[in-house]
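One structure is given below, encoded as structure tokens.
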Amino acid sequence: TVGTQDAPFNAVLSIYPNPTPGNLTIQLGETYTNITLTLTNVLGQVILTKAYDQTDVLQLEWEGAPGMYTFYLSTAEGNVASGKAYRRL
């Protein structure tokens with residue numbers, strides 16, 4: 001499930017597998033420069049921040065307890081998006 005902050009950018013995101021054992025792929029729909037991804041837990045604590053450059057696919061691996069996590073994306077082009085990732089055992 002993708003959250004909505006900027007519907008056009010969010011609308012093209014493809015997130016899988018979700019739920020995930022800790023490996024998440026986010027397809028952006030087109031290539032962006034200087035993408036920042038921030039992952040937080042249900043308490044709002046930042047689990048990780050990762051920068052990507054010149055890509056249309058983000059690969060994310062993280063360790064943590066099963067549960068819901070929120071990711072936030074921002075690009076140099078001014079696009080922002082957020083979504084939920086569910087980590088399973």
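Identifiers in the structure tokens: chain A, B, ... in order shown; residue index from 1 per chain; ligand index from 1 in order shown.
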Contacts of Gly64 in chain A within 12 Å, only C-alpha atoms, excl. fewer than 6 positions in-chain, as a PDB file with N, CA and C atoms, in the first residue's frame:
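Printed below is selection.pdb as written:
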ATOM      1  N   THR A  20       7.445  -8.409   3.298  1.00  0.00           N
ATOM      2  CA  THR A  20       8.790  -8.791   2.891  1.00  0.00           C
ATOM      3  C   THR A  20       9.564  -9.395   4.060  1.00  0.00           C
ATOM      4  N   PRO A  21      10.524 -10.289   3.764  1.00  0.00           N
ATOM      5  CA  PRO A  21      11.408 -10.772   4.822  1.00  0.00           C
ATOM      6  C   PRO A  21      12.525  -9.777   5.136  1.00  0.00           C
ATOM      7  N   GLY A  22      12.577  -8.657   4.406  1.00  0.00           N
ATOM      8  CA  GLY A  22      13.607  -7.644   4.644  1.00  0.00           C
ATOM      9  C   GLY A  22      14.264  -7.149   3.375  1.00  0.00           C
ATOM     10  N   ASN A  23      13.852  -7.676   2.221  1.00  0.00           N
ATOM     11  CA  ASN A  23      14.377  -7.227   0.928  1.00  0.00           C
ATOM     12  C   ASN A  23      13.216  -6.588   0.187  1.00  0.00           C
ATOM     13  N   LEU A  39      13.764   5.179   6.055  1.00  0.00           N
ATOM     14  CA  LEU A  39      12.886   4.141   6.583  1.00  0.00           C
ATOM     15  C   LEU A  39      12.725   4.361   8.080  1.00  0.00           C
ATOM     16  N   THR A  40      11.472   4.378   8.550  1.00  0.00           N
ATOM     17  CA  THR A  40      11.206   4.557   9.969  1.00  0.00           C
ATOM     18  C   THR A  40      10.358   3.396  10.495  1.00  0.00           C
ATOM     19  N   ASN A  41      10.460   3.165  11.802  1.00  0.00           N
ATOM     20  CA  ASN A  41       9.626   2.141  12.426  1.00  0.00           C
ATOM     21  C   ASN A  41       8.321   2.790  12.911  1.00  0.00           C
ATOM     22  N   VAL A  42       7.471   2.012  13.580  1.00  0.00           N
ATOM     23  CA  VAL A  42       6.171   2.533  14.021  1.00  0.00           C
ATOM     24  C   VAL A  42       6.295   3.627  15.074  1.00  0.00           C
ATOM     25  N   VAL A  46      14.167   6.640  12.921  1.00  0.00           N
ATOM     26  CA  VAL A  46      14.805   6.384  11.637  1.00  0.00           C
ATOM     27  C   VAL A  46      15.644   5.117  11.742  1.00  0.00           C
ATOM     28  N   ILE A  47      15.317   4.143  10.913  1.00  0.00           N
ATOM     29  CA  ILE A  47      16.035   2.868  10.871  1.00  0.00           C
ATOM     30  C   ILE A  47      17.227   2.991   9.938  1.00  0.00           C
ATOM     31  N   LEU A  48      17.011   3.646   8.803  1.00  0.00           N
ATOM     32  CA  LEU A  48      18.115   3.880   7.870  1.00  0.00           C
ATOM     33  C   LEU A  48      17.748   4.981   6.903  1.00  0.00           C
ATOM     34  N   TYR A  86       5.737  -3.907   5.106  1.00  0.00           N
ATOM     35  CA  TYR A  86       5.474  -4.814   6.215  1.00  0.00           C
ATOM     36  C   TYR A  86       6.542  -5.890   6.232  1.00  0.00           C
ATOM     37  N   ARG A  87       7.305  -5.915   7.310  1.00  0.00           N
ATOM     38  CA  ARG A  87       8.361  -6.923   7.460  1.00  0.00           C
ATOM     39  C   ARG A  87       7.793  -8.122   8.190  1.00  0.00           C
ATOM     40  N   ARG A  88       7.997  -9.290   7.602  1.00  0.00           N
ATOM     41  CA  ARG A  88       7.543 -10.540   8.224  1.00  0.00           C
ATOM     42  C   ARG A  88       8.756 -11.347   8.645  1.00  0.00           C
ATOM     43  N   LEU A  89       8.499 -12.426   9.358  1.00  0.00           N
ATOM     44  CA  LEU A  89       9.594 -13.320   9.776  1.00  0.00           C
ATOM     45  C   LEU A  89      10.197 -14.009   8.594  1.00  0.00           C
TER      46      LEU A  89
END
Worksheet entry | Exercise: Tyr16 in chain A partners within 7 Å, only C-alpha atoms, chain neighbours under 5 positions left out, as a list in words |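 In the requested form, the answer reads Leu24, Thr25 and Ile26 of chain A.
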Just-selected residues, C-alpha atoms written as a PDB file, in the first residue's frame:
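What landed in part-v1.pdb:
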ATOM      1  CA  LEU A  24      12.227  -4.596  -0.763  1.00  0.00           C
ATOM      2  CA  THR A  25      12.182  -3.410  -4.365  1.00  0.00           C
ATOM      3  CA  ILE A  26      10.649  -0.054  -5.268  1.00  0.00           C
TER       4      ILE A  26
END
Worksheet item: Can you list, as JSON, numbers by chain, every residue of chain A that DSSP puts in alpha helix (DSSP H)?
Response: {"A": [7, 8, 9, 10, 11]}
Worksheet entry | Backbone-only DSSP, strand (DSSP E or B) members of range 11-80 of chain A, as an NGL selection string | :A and (14-16 or 20 or 23-32 or 35-40 or 46-52 or 55-61 or 67-74 or 80)
Worksheet item: What does the distance between CA of Ala76 in chain A and CA of Tyr52 in chain A come to in Å, to one decimal place?
Response: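 Value for the CA of Ala76 in chain A-CA of Tyr52 in chain A distance: 10.8 Å.
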Worksheet item: In Å, how far is it from CA of Thr49 in chain A to CA of Glu63 in chain A?
Response: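 According to the coordinates, CA of Thr49 in chain A and CA of Glu63 in chain A are separated by 13.3 Å.
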